[in-house]
Structure formats: C-alpha cells, structure tokens
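Undergrad: Contents of target31.cif (mmCIF, C-alpha atoms and all ligand atoms) are below:
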```cif
data_target
#
loop_
_atom_site.label_atom_id
_atom_site.label_comp_id
_atom_site.auth_asym_id
_atom_site.auth_seq_id
_atom_site.Cartn_x
_atom_site.Cartn_y
_atom_site.Cartn_z
CA MET A 1 62.99 -7.51 -14.61
CA LYS A 2 59.88 -8.74 -16.33
CA TYR A 3 58.17 -9.45 -12.98
CA LYS A 4 58.80 -5.94 -11.71
CA TRP A 5 56.96 -4.51 -14.69
CA MET A 6 54.11 -6.89 -14.16
CA ILE A 7 53.78 -5.81 -10.55
CA VAL A 8 53.75 -2.16 -11.60
CA LEU A 9 51.15 -2.95 -14.24
CA CYS A 10 48.98 -4.80 -11.70
CA LEU A 11 49.17 -1.89 -9.28
CA CYS A 12 48.14 0.51 -12.01
CA LEU A 13 45.09 -1.63 -12.76
CA LEU A 14 44.16 -1.91 -9.10
CA LEU A 15 44.67 1.70 -8.16
CA PRO A 16 41.48 3.16 -9.67
CA GLN A 17 39.46 0.52 -7.83
CA ILE A 18 41.12 1.26 -4.51
CA VAL A 19 40.43 4.97 -4.98
CA PHE A 20 36.84 4.20 -5.97
CA ALA A 21 36.23 1.99 -2.94
CA ALA A 22 37.58 4.64 -0.62
CA SER A 23 35.27 7.27 -2.12
CA ILE A 24 32.10 5.41 -1.02
CA LYS A 25 31.29 7.06 2.26
CA SER A 26 30.53 4.79 5.14
CA HIS A 27 28.06 6.03 7.75
CA ARG A 28 27.77 5.14 11.40
CA PHE A 29 24.94 5.51 13.89
CA GLU A 30 25.84 8.02 16.60
CA SER A 31 22.72 8.38 18.70
CA PHE A 32 19.10 7.40 19.17
CA GLN A 33 16.65 9.70 20.91
CA TYR A 34 12.91 9.96 21.13
CA GLU A 35 10.32 12.27 22.59
CA VAL A 36 6.55 12.19 22.84
CA ILE A 37 5.13 15.50 21.64
CA ALA A 38 1.77 16.10 23.30
CA ALA A 39 -1.31 16.65 21.19
CA ASN A 40 -2.54 20.19 20.67
CA ASN A 41 -5.41 21.78 18.73
CA ASN A 42 -3.60 21.49 15.44
CA SER A 43 -1.98 18.11 15.64
CA PRO A 44 -2.32 14.77 17.40
CA GLN A 45 0.29 13.26 19.70
CA ILE A 46 3.54 12.54 17.86
CA LEU A 47 6.29 10.12 18.78
CA ARG A 48 9.46 11.66 17.33
CA ILE A 49 12.44 9.37 16.89
CA GLU A 50 15.79 10.84 15.90
CA ILE A 51 18.60 8.60 14.66
CA GLY A 52 21.90 10.49 14.66
CA LEU A 53 24.56 9.64 12.08
CA ASN A 54 28.19 10.73 11.72
CA SER A 55 27.55 11.85 8.13
CA GLU A 56 24.68 12.82 5.86
CA ILE A 57 22.71 10.01 4.26
CA ASP A 58 19.88 10.29 1.76
CA ASP A 59 19.48 6.78 0.39
CA TYR A 60 17.86 5.15 3.42
CA GLU A 61 14.78 3.11 2.54
CA VAL A 62 11.60 2.16 4.37
CA LYS A 63 10.84 -1.55 4.24
CA THR A 64 8.14 -3.72 5.69
CA LYS A 65 8.14 -7.48 5.45
CA SER A 66 4.59 -7.49 4.12
CA SER A 67 1.52 -5.31 4.32
CA TYR A 68 0.45 -7.39 7.33
CA ALA A 69 3.67 -6.75 9.23
CA THR A 70 3.83 -4.57 12.32
CA ASP A 71 7.55 -3.77 12.04
CA LEU A 72 8.50 -0.52 10.37
CA ILE A 73 12.01 -1.19 9.06
CA ILE A 74 14.36 1.53 7.87
CA GLU A 75 17.34 0.25 5.93
CA PHE A 76 20.56 2.27 5.84
CA PRO A 77 23.07 1.33 3.11
CA ASN A 78 26.82 1.72 3.79
CA THR A 79 26.14 2.07 7.49
CA LYS A 80 27.63 0.53 10.61
CA LEU A 81 25.70 0.11 13.84
CA GLY A 82 28.28 1.92 15.95
CA ARG A 83 27.12 2.03 19.55
CA LEU A 84 23.50 1.14 18.79
CA LYS A 85 23.43 -2.59 19.25
CA LYS A 86 21.04 -3.61 22.01
CA PRO A 87 17.26 -3.24 21.54
CA LEU A 88 15.80 -0.19 23.27
CA ALA A 89 12.47 -0.08 25.06
CA ILE A 90 10.38 2.99 24.21
CA GLN A 91 7.93 4.48 26.70
CA SER A 92 5.09 5.19 24.30
CA ASP A 93 1.83 3.72 23.05
CA LEU A 94 2.94 4.05 19.44
CA VAL A 95 6.21 2.11 19.46
CA LYS A 96 7.26 -0.35 22.13
CA ILE A 97 10.74 -1.30 21.05
CA ALA A 98 13.47 -0.27 18.63
CA LYS A 99 15.86 -2.91 17.32
CA PHE A 100 19.13 -2.45 15.48
CA ASN A 101 20.65 -4.98 13.16
CA GLN A 102 23.71 -5.22 10.94
CA GLU A 103 22.10 -7.11 8.04
CA ASN A 104 25.43 -7.56 6.24
CA LYS A 105 28.78 -5.82 6.32
CA ASP A 106 27.35 -2.71 4.68
CA THR A 107 23.67 -2.54 5.54
CA ALA A 108 22.23 -1.65 8.92
CA THR A 109 18.54 -1.56 9.82
CA VAL A 110 16.43 0.04 12.52
CA SER A 111 13.11 -1.67 13.14
CA LEU A 112 10.29 -0.18 15.16
CA THR A 113 7.61 -2.53 16.43
CA LEU A 114 4.18 -0.94 16.15
CA PRO A 115 0.99 -1.97 17.96
CA VAL A 116 -0.86 -2.42 14.61
CA LYS A 117 0.02 -3.13 10.98
CA THR A 118 2.38 -0.58 9.41
CA ASP A 119 -0.33 0.03 6.78
CA ASN A 120 -2.59 1.44 9.47
CA ILE A 121 -0.11 3.93 10.89
CA ASN A 122 0.58 7.44 9.65
CA TYR A 123 4.27 8.28 9.77
CA LYS A 124 6.68 10.72 8.20
CA ILE A 125 10.42 10.28 7.62
CA TYR A 126 12.78 13.16 6.89
CA THR A 127 16.29 14.37 7.71
CA LEU A 128 17.64 17.24 9.80
CA PRO A 129 21.10 18.77 9.32
CA LYS A 130 23.81 18.78 11.93
CA ASP A 131 23.09 21.41 14.58
CA ARG A 132 26.32 22.57 16.21
CA LYS A 133 24.59 24.87 18.70
CA ALA A 134 22.28 22.15 19.97
CA ARG A 135 25.16 19.65 19.68
CA LYS A 136 23.10 17.38 17.51
CA PRO A 137 24.50 15.32 14.64
CA PHE A 138 22.88 14.83 11.23
CA ARG A 139 19.62 12.99 11.92
CA VAL A 140 17.06 10.80 10.19
CA VAL A 141 13.78 11.65 11.91
CA ILE A 142 10.75 9.37 12.08
CA ASP A 143 7.52 10.99 13.24
CA ILE A 144 4.96 8.36 14.21
CA LEU A 145 1.65 10.17 13.97
CA GLY A 146 -0.69 7.48 15.24
CA GLU A 147 -3.28 5.18 13.81
CA LYS A 148 -5.05 6.17 10.61
CA SER A 149 -8.59 7.14 11.41
CA TYR A 150 -11.35 6.33 9.02
CA ASN A 151 -14.37 8.58 9.16
CA PHE A 152 -16.60 6.18 7.32
CA ASN A 153 -19.62 4.54 8.86
CA VAL A 154 -19.01 0.94 7.94
CA ASN A 155 -20.38 -0.87 11.00
CA GLY A 156 -22.54 -3.05 8.75
CA VAL A 157 -19.52 -5.03 7.56
CA ALA A 158 -18.55 -6.38 11.00
CA GLY A 159 -18.40 -10.17 10.92
CA LYS A 160 -18.87 -10.30 7.13
CA SER A 161 -16.49 -11.99 4.78
CA ILE A 162 -15.80 -10.17 1.52
CA ILE A 163 -13.74 -11.11 -1.53
CA ILE A 164 -11.95 -8.16 -3.09
CA ASP A 165 -10.66 -8.63 -6.62
CA PRO A 166 -8.25 -5.93 -7.86
CA GLY A 167 -8.79 -6.17 -11.64
CA HIS A 168 -5.86 -7.21 -13.90
CA GLY A 169 -2.27 -7.52 -12.59
CA GLY A 170 1.06 -9.06 -13.58
CA SER A 171 1.31 -9.52 -17.36
CA ASP A 172 -2.03 -7.74 -17.82
CA SER A 173 -1.90 -3.98 -17.14
CA GLY A 174 -5.55 -3.39 -18.05
CA ALA A 175 -6.22 0.10 -19.42
CA VAL A 176 -3.31 2.54 -19.59
CA GLY A 177 -3.99 6.24 -19.02
CA VAL A 178 -2.93 9.20 -21.14
CA THR A 179 0.21 9.74 -19.05
CA GLY A 180 0.85 6.02 -18.53
CA VAL A 181 -1.01 5.29 -15.28
CA LYS A 182 -1.79 1.58 -15.32
CA GLU A 183 -5.23 0.32 -14.42
CA LYS A 184 -3.82 -2.68 -12.50
CA ASP A 185 -1.98 -0.29 -10.13
CA VAL A 186 -4.99 1.98 -9.48
CA ASN A 187 -7.27 -1.02 -8.90
CA PHE A 188 -4.76 -2.55 -6.49
CA ALA A 189 -4.14 0.67 -4.54
CA VAL A 190 -7.88 1.18 -4.03
CA ALA A 191 -8.36 -2.51 -3.16
CA LEU A 192 -5.70 -2.31 -0.42
CA LYS A 193 -7.41 0.73 1.07
CA VAL A 194 -10.80 -1.02 0.97
CA ARG A 195 -9.21 -4.02 2.68
CA ASP A 196 -7.78 -1.83 5.45
CA ILE A 197 -11.06 -0.01 6.08
CA LEU A 198 -13.08 -3.22 6.11
CA THR A 199 -10.70 -5.19 8.33
CA HIS A 200 -10.48 -2.23 10.69
CA ALA A 201 -14.28 -2.41 10.95
CA GLY A 202 -14.23 -6.12 11.77
CA ALA A 203 -14.77 -7.77 8.38
CA GLU A 204 -12.73 -10.61 6.96
CA VAL A 205 -11.27 -9.71 3.58
CA ILE A 206 -10.00 -12.22 1.04
CA MET A 207 -7.94 -10.67 -1.76
CA THR A 208 -7.67 -12.46 -5.12
CA ARG A 209 -4.15 -11.05 -5.44
CA LEU A 210 -1.84 -9.48 -2.87
CA ASN A 211 0.73 -8.08 -5.24
CA ASP A 212 1.26 -7.29 -8.91
CA ARG A 213 0.60 -10.72 -10.38
CA ASP A 214 -1.69 -12.76 -12.61
CA VAL A 215 -4.06 -14.82 -10.50
CA TYR A 216 -4.10 -17.88 -12.79
CA GLY A 217 -0.60 -17.39 -14.19
CA PRO A 218 1.17 -15.22 -16.76
CA ASN A 219 -0.30 -15.12 -20.26
CA ALA A 220 -3.29 -17.31 -19.49
CA THR A 221 -6.46 -17.04 -21.55
CA ASP A 222 -9.03 -14.48 -20.36
CA LYS A 223 -11.33 -17.30 -19.29
CA GLN A 224 -8.61 -19.03 -17.23
CA GLU A 225 -7.67 -15.77 -15.56
CA LEU A 226 -11.24 -14.66 -14.81
CA ASP A 227 -12.22 -18.13 -13.62
CA ALA A 228 -9.28 -18.16 -11.18
CA ARG A 229 -10.78 -14.99 -9.66
CA ALA A 230 -14.41 -16.16 -9.62
CA ASP A 231 -13.13 -19.40 -8.07
CA PHE A 232 -12.45 -17.54 -4.81
CA SER A 233 -16.21 -17.39 -4.26
CA ARG A 234 -16.40 -21.17 -4.61
CA ARG A 235 -13.43 -21.78 -2.32
CA TYR A 236 -14.32 -19.35 0.45
CA HIS A 237 -17.63 -18.99 2.19
CA ALA A 238 -17.91 -15.24 1.59
CA ASP A 239 -20.85 -12.83 1.81
CA ALA A 240 -20.01 -10.74 -1.25
CA PHE A 241 -17.59 -10.54 -4.17
CA LEU A 242 -16.32 -7.21 -5.46
CA SER A 243 -14.15 -6.65 -8.50
CA ILE A 244 -12.43 -3.24 -8.80
CA HIS A 245 -11.65 -1.76 -12.23
CA SER A 246 -10.96 1.53 -13.96
CA ASN A 247 -12.48 2.40 -17.32
CA SER A 248 -11.18 3.44 -20.71
CA PHE A 249 -12.80 4.68 -23.92
CA VAL A 250 -11.64 5.93 -27.33
CA ASN A 251 -13.18 9.34 -26.68
CA SER A 252 -11.13 11.03 -23.95
CA LYS A 253 -14.17 13.08 -22.86
CA ALA A 254 -15.95 9.99 -21.49
CA ASN A 255 -15.99 10.21 -17.68
CA GLY A 256 -17.77 9.05 -14.55
CA THR A 257 -18.30 6.09 -12.30
CA GLU A 258 -20.40 3.00 -12.96
CA THR A 259 -21.13 -0.32 -11.27
CA TYR A 260 -22.05 -3.59 -12.96
CA TYR A 261 -23.97 -6.62 -11.76
CA TYR A 262 -25.40 -9.80 -13.25
CA ASN A 263 -28.97 -10.62 -12.26
CA LYS A 264 -28.31 -14.10 -10.89
CA THR A 265 -30.03 -13.38 -7.56
CA ILE A 266 -32.05 -10.36 -6.41
CA TYR A 267 -29.12 -9.37 -4.17
CA ASP A 268 -26.65 -8.60 -6.95
CA LYS A 269 -28.63 -5.55 -8.03
CA ILE A 270 -29.04 -4.27 -4.46
CA LEU A 271 -25.31 -4.65 -3.90
CA ALA A 272 -24.47 -2.77 -7.12
CA GLU A 273 -26.94 0.04 -6.38
CA ASN A 274 -25.56 0.58 -2.87
CA LEU A 275 -21.98 0.63 -4.16
CA GLN A 276 -22.83 3.03 -6.98
CA ARG A 277 -24.66 5.45 -4.67
CA SER A 278 -21.82 5.55 -2.13
CA LEU A 279 -19.14 5.85 -4.82
CA ILE A 280 -20.92 8.90 -6.29
CA ASP A 281 -21.32 10.41 -2.79
CA SER A 282 -17.64 10.02 -1.99
CA GLY A 283 -15.97 10.50 -5.39
CA GLN A 284 -18.38 13.11 -6.80
CA ARG A 285 -17.89 12.00 -10.40
CA MET A 286 -20.66 11.68 -12.99
CA ASP A 287 -23.21 9.01 -12.09
CA ARG A 288 -23.32 6.50 -14.95
CA GLY A 289 -25.55 4.21 -12.92
CA ALA A 290 -25.72 0.58 -11.79
CA LEU A 291 -25.94 -1.48 -14.96
CA THR A 292 -26.33 -5.13 -15.87
CA ALA A 293 -23.55 -6.92 -17.73
CA ASN A 294 -22.66 -10.43 -18.66
CA PHE A 295 -19.16 -10.21 -17.12
CA TYR A 296 -17.56 -13.54 -16.34
CA VAL A 297 -16.66 -12.87 -12.70
CA LEU A 298 -20.17 -11.57 -11.94
CA LYS A 299 -21.97 -14.46 -13.62
CA ASN A 300 -19.70 -17.13 -12.16
CA SER A 301 -19.35 -15.92 -8.58
CA THR A 302 -21.43 -18.00 -6.23
CA VAL A 303 -22.22 -14.99 -3.98
CA PRO A 304 -23.74 -11.55 -4.68
CA ALA A 305 -21.18 -9.80 -6.87
CA ALA A 306 -20.51 -6.39 -8.37
CA LEU A 307 -17.83 -4.84 -10.54
CA VAL A 308 -17.05 -1.16 -10.08
CA GLU A 309 -15.53 1.03 -12.79
CA LEU A 310 -14.09 3.84 -10.68
CA GLY A 311 -13.50 6.36 -13.46
CA PHE A 312 -11.90 6.73 -16.90
CA LEU A 313 -8.12 6.48 -17.27
CA SER A 314 -8.61 7.66 -20.87
CA ASN A 315 -9.86 10.99 -19.48
CA PRO A 316 -6.87 13.16 -18.42
CA ASP A 317 -8.69 14.72 -15.43
CA GLU A 318 -9.91 11.40 -14.10
CA GLU A 319 -6.53 9.76 -14.74
CA GLU A 320 -4.92 12.36 -12.48
CA LEU A 321 -7.58 11.84 -9.82
CA LEU A 322 -7.39 8.05 -10.01
CA ASN A 323 -3.64 8.24 -9.50
CA SER A 324 -3.94 10.40 -6.36
CA ASP A 325 -3.85 8.95 -2.88
CA ASP A 326 -6.60 11.30 -1.71
CA PHE A 327 -9.10 10.30 -4.42
CA GLN A 328 -8.21 6.61 -4.00
CA THR A 329 -9.00 6.94 -0.28
CA LYS A 330 -12.34 8.63 -1.04
CA LEU A 331 -13.30 5.86 -3.47
CA ALA A 332 -12.20 3.15 -1.04
CA GLY A 333 -14.38 4.82 1.60
CA GLY A 334 -17.30 4.91 -0.85
CA ILE A 335 -16.93 1.23 -1.66
CA SER A 336 -16.73 0.29 2.03
CA VAL A 337 -19.79 2.38 2.95
CA GLY A 338 -21.67 0.86 -0.01
CA LEU A 339 -20.89 -2.64 1.21
CA SER A 340 -21.93 -1.69 4.73
CA LYS A 341 -25.26 -0.29 3.50
CA PHE A 342 -25.86 -3.40 1.44
CA PHE A 343 -25.44 -5.61 4.52
CA TYR A 344 -27.71 -3.29 6.55
CA GLU A 345 -30.37 -3.47 3.87
CA MET A 346 -30.12 -7.26 3.78
CA SER A 347 -30.38 -7.61 7.56
CA GLY A 348 -33.36 -5.20 7.60
CA LYS A 349 -35.14 -7.54 5.23
CA GLY A 350 -34.44 -10.40 7.60
CA SER A 351 -32.57 -11.90 4.71
CA ASN A 352 -30.69 -15.10 5.12
CA TYR A 353 -29.56 -15.46 1.60
CA LEU A 354 -26.46 -17.55 2.12
ZN ZN B 1 -10.45 -3.52 -16.12
#
```
Represent the structure contained in this file as structure tokens.
Ligand SMILES: [Zn+2]

TA:
Amino acid sequence: MKYKWMIVLCLCLLLPQIVFAASIKSHRFESFQYEVIAANNNSPQILRIEIGLNSEIDDYEVKTKSSYATDLIIEFPNTKLGRLKKPLAIQSDLVKIAKFNQENKDTATVSLTLPVKTDNINYKIYTLPKDRKARKPFRVVIDILGEKSYNFNVNGVAGKSIIIDPGHGGSDSGAVGVTGVKEKDVNFAVALKVRDILTHAGAEVIMTRLNDRDVYGPNATDKQELDARADFSRRYHADAFLSIHSNSFVNSKANGTETYYYNKTIYDKILAENLQRSLIDSGQRMDRGALTANFYVLKNSTVPAALVELGFLSNPDEEELLNSDDFQTKLAGGISVGLSKFFYEMSGKGSNYL
C-alpha cells in the first residue's frame, strides 16, 4: 500500500518535468539551397544560401573559431541535421563548401568555408517565413556579399611590421562614457579594424592583446601593465608602435582628437603628426594637435611610437560616435593612412632608421 503511494508521488513530481521537456521545440534541417545573384548597378554579386527548417527558429548564433578563421559557423540549438549530412560543394567564388555537423544531441552547425578570413567578408543573416505558394519552408538566409573593400590609400605600409596596442582591457576598462561605453571596447574595436586594413595592404601587425584581457595580468600595477605593452617593441623587430586610446575629462564639453609622442628620436614626432592629420581628415573632429607627453609606452618603446586619443567618451556626442561602427571604420582608415604616409615620408628621406 505504502509503495503504491510512493509511486504516485514520484509520478507527480516527474510529470511537470516531462511536460516541460516536451514543450522545448526541436527543429530539423529540411533543405539547403543556394543561388548566385548577379551584380547590378545597385549591388554587388551576392551568394544567397537558404537553410530550410521544419519550424521557426530565432536563437541561431554566428560563431567563428577566431578572428583569423575562414569558417563562418552558424550554430542552431535544439536542431537535428535531418537529411543534411554530407558536405556540399558550392559553385561560387565566395564559398567553396558547406559542412553540416551534429555537435551534440541538441546542437547542429552549418559551416561555410570562405576564401578569406570571416572578418574580411560582408555578410547578412536573416530569416524568411514559410512560403506555401513557392513550397518553401521556414528559412535562415545567409547573404554573402563579398570581400570588404577598403577605399584607403595605404600602400606605404606594405612589408612593414607594426605593433598595435589597444589601450586598457580585462580588469581595466579605461574611461567609461556617459551611457556606459567602455574605453577598452572602443580601443579594441578600432584596433581590429586597423589590423584588418593594414594586413589587407600587406603589413604585418602584432597586437598587444587579441581579446578583452590585461596584457601583464589582472590587477597588476600600472608600470607592470604598461611595460608588458612596451615590451612588444623589444621582442619584435617592428617599424612602429601605436597605442589606441579614447579620452575623458571632467567637463563634458571637451571634445576632439589628439595624438601624443615622446621625442626620443626625430621620427616619433613625424609619426604623430601624420597620424593626427589623417585622423582629422577622416574623423572630422576638432584638431587638438600632435603633442608631446611623457607616457610610459611612448618613452619605453624601442621604435617610433605614438598614442592616439580618438575622441572624448565624456562628451555625449563623441561617445555615440566612438561607439558606432561607421565612425570606428573612419578612424581606423585615418590611422592606417597616417601610418602609410609616415612610411612614405621616411622612404622619401632615404631614411634607414631601424
Ligand atoms: Zn586610455
């Protein structure tokens, strides 16, 4: 008698969980189609990939293994591969192959192998509803729009090796804007764009950090942290060192762009002046000039070095700009052009300063 009641009790406890488990919808891939849409006056060639699913999904996620990776991976939670198992060859210049993988019992992925790093490709991902007339299921659509084009003249950087130091990171946020934009994130976003433009133009770029971290280690002293960054110039045979920062001041009206250098060689000033000029050209903010400063990374770098202050996070207008992809791209272009002009100027002088 007692046991019977216990069984009933157990069932009662289990029931809500069974109901809950059944309510999580499981998706399944139904189809995979692609078409190459020819370029016209308004848009470039597009490779459109449509992944059909038996039910609507909105929590798919784009993943890449690292910013250097060439695989664009889309992860679908609660999804089964269905019929899509074997890799598919794609007749296009933009993607060569699509691979499907059941990562674990719930998660399926689609990975598209690109000819260049995922960072250098423009793509768009969106969904389309089921279309009964066209007999198409619910679809996740990936438009591959081609390689990002950079309209910056940065030929001067080809063959040069440049250290890029995104200021702050990890336990140190740097300045925080009026609405909470963190300096470390702005500096890093711009640094990544500079890296892409420069490497695209044939330069070698060494980053002092490749993610949101302290370079020396969490909660180090300022000197330890800054020395870990300056140390890159001692460890690598680079042609220039550039630290990227965003400014802050008690008065929220303060605004504009400035570049710092330390007069350890005659080249530091030339580097800073070229960067400042190009940053003003591209960002169009107030010109606060190229100024000398006793900053640790500038003084202790063994190569010509400059530190740019892109704008003021304490100024609401500039905070909004600094947080926008468009403005970050403009500034990254300005920095890259500035570096290129610096190397041109040096070669014109027949300089062999390293
Ligand atoms: Zn800073």

Undergrad: Could you list, as a ChimeraX atom specification, every residue within 10 Å of A:Asp93, counting all atoms listed in the file and ignoring same-chain residues fewer than 2 positions away?

TA: /A:36,47,90-91,95-96,114-115,146

Undergrad: Could you check the closest approach to ligand ZN 1 (chain B) for each of A:His168, A:Lys330, A:Lys133, A:His200 and tell me which residue wins, using only C-alpha atoms and all ligand atoms?

TA: A:His168

Undergrad: Could you list, as a ChimeraX atom specification, all the residues within 7 Å of ligand ZN 1 (chain B), counting all atoms listed in the file?

TA: /A:167-168,174-175,183,245-247

Undergrad: Neighbours of A:Asn153 within 8 Å (all atoms listed in the file; same-chain residues fewer than 2 positions away dropped), as a list in words?

TA: Asn151, Asn155, Val337 and Ser340 of chain A

Undergrad: Can you work out the spacing between atom CA of A:Thr259 and atom CA of A:Gly202 in Å, to one decimal?

TA: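 A separation of 24.7 Å between them.
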
Undergrad: Using all atoms listed in the file, can you tell me which of A:Leu310, A:Ile97, A:Val110, A:Val297 comes closest to A:Gln224?

TA: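 Among the listed residues, A:Val297 lies closest to A:Gln224.
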
Undergrad: Determine the nearest neighbour of A:Thr107 from the options A:Asp172, A:Glu204, A:Asp71, A:Asp59, counting only C-alpha atoms.

TA: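 Between A:Asp172, A:Glu204, A:Asp71, A:Asp59, the residue approaching A:Thr107 most closely is A:Asp59.
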
Undergrad: Extract, using only C-alpha atoms, all DNA, RNA and protein residues at most 7 Å from A:Val303, discarding same-chain residues fewer than 3 positions from it, and format them as a list in words.

TA: Ser233, Asp239, Ala240 and Phe241 of chain A

Undergrad: Give me the residues of stretch 187-292 of chain A that have any atom at most 8 Å from an atom of stretch 311-325 of chain A; for each, the nearest atom pair and the distance in Å, rounded to one decimal. Use all atoms listed in the file, sort by chain and number, and format it as JSON lines.

TA:
```
{"residue": "A:Ser246", "atom": "CA", "partner": "A:Gly311", "partner_atom": "CA", "distance": 5.5}
{"residue": "A:Asn247", "atom": "CA", "partner": "A:Phe312", "partner_atom": "CA", "distance": 4.4}
{"residue": "A:Ser248", "atom": "CA", "partner": "A:Ser314", "partner_atom": "CA", "distance": 4.9}
{"residue": "A:Phe249", "atom": "CA", "partner": "A:Ser314", "partner_atom": "CA", "distance": 6.0}
{"residue": "A:Val250", "atom": "CA", "partner": "A:Ser314", "partner_atom": "CA", "distance": 7.3}
{"residue": "A:Asn251", "atom": "CA", "partner": "A:Ser314", "partner_atom": "CA", "distance": 7.6}
{"residue": "A:Ser252", "atom": "CA", "partner": "A:Asn315", "partner_atom": "CA", "distance": 4.6}
{"residue": "A:Lys253", "atom": "CA", "partner": "A:Asn315", "partner_atom": "CA", "distance": 5.9}
{"residue": "A:Ala254", "atom": "CA", "partner": "A:Asn315", "partner_atom": "CA", "distance": 6.5}
{"residue": "A:Asn255", "atom": "CA", "partner": "A:Phe312", "partner_atom": "CA", "distance": 5.4}
{"residue": "A:Gly256", "atom": "CA", "partner": "A:Gly311", "partner_atom": "CA", "distance": 5.2}
{"residue": "A:Thr257", "atom": "CA", "partner": "A:Gly311", "partner_atom": "CA", "distance": 4.9}
{"residue": "A:Glu258", "atom": "CA", "partner": "A:Gly311", "partner_atom": "CA", "distance": 7.7}
{"residue": "A:Arg285", "atom": "CA", "partner": "A:Gly311", "partner_atom": "CA", "distance": 7.8}
```

Undergrad: Can you pull out the residues contacting A:Phe295? Cut-off 12 Å, using all atoms listed in the file, and skip same-chain residues under 6 positions away; I want them as a VMD selection string.

TA: chain A and resid 222 to 223 226 to 227 230 243 259 to 264 301 305 to 308

Undergrad: Which of these, A:Asp196, A:Glu50, A:Asp231, A:Asp106, has the shortest distance to A:Thr208 once you count only C-alpha atoms?

TA: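 Smallest separation from A:Thr208 among the options: A:Asp231.
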
Undergrad: Would you tabulate, counting only C-alpha atoms, all residues of stretch 134-216 of chain A that have an atom at most 6 Å from an atom of stretch 331-336 of chain A, showing the closest pair of atoms and their distance in Å to one decimal, sorted by chain then ascending number, as JSON lines?

TA:
```
{"residue": "A:Val190", "atom": "CA", "partner": "A:Ala332", "partner_atom": "CA", "distance": 5.6}
{"residue": "A:Lys193", "atom": "CA", "partner": "A:Ala332", "partner_atom": "CA", "distance": 5.8}
{"residue": "A:Val194", "atom": "CA", "partner": "A:Ala332", "partner_atom": "CA", "distance": 4.8}
```

Undergrad: With C-alpha atoms retained, could you export that selection as an mmCIF file, in the frame of the given file?

TA:
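Result saved to selection34.cif:
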```cif
data_model
loop_
_atom_site.group_PDB
_atom_site.id
_atom_site.type_symbol
_atom_site.label_atom_id
_atom_site.label_comp_id
_atom_site.auth_asym_id
_atom_site.auth_seq_id
_atom_site.Cartn_x
_atom_site.Cartn_y
_atom_site.Cartn_z
ATOM 1 C CA VAL A 190 -7.880 1.180 -4.030
ATOM 2 C CA LYS A 193 -7.410 0.730 1.070
ATOM 3 C CA VAL A 194 -10.800 -1.020 0.970
#
```

Undergrad: Looking at only C-alpha atoms, which of A:Met346, A:Asn300, A:Asn122, A:Val157 is the one that sits closest to A:Arg234?

TA: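 The shortest atom-to-atom distance to A:Arg234 comes from A:Asn300.
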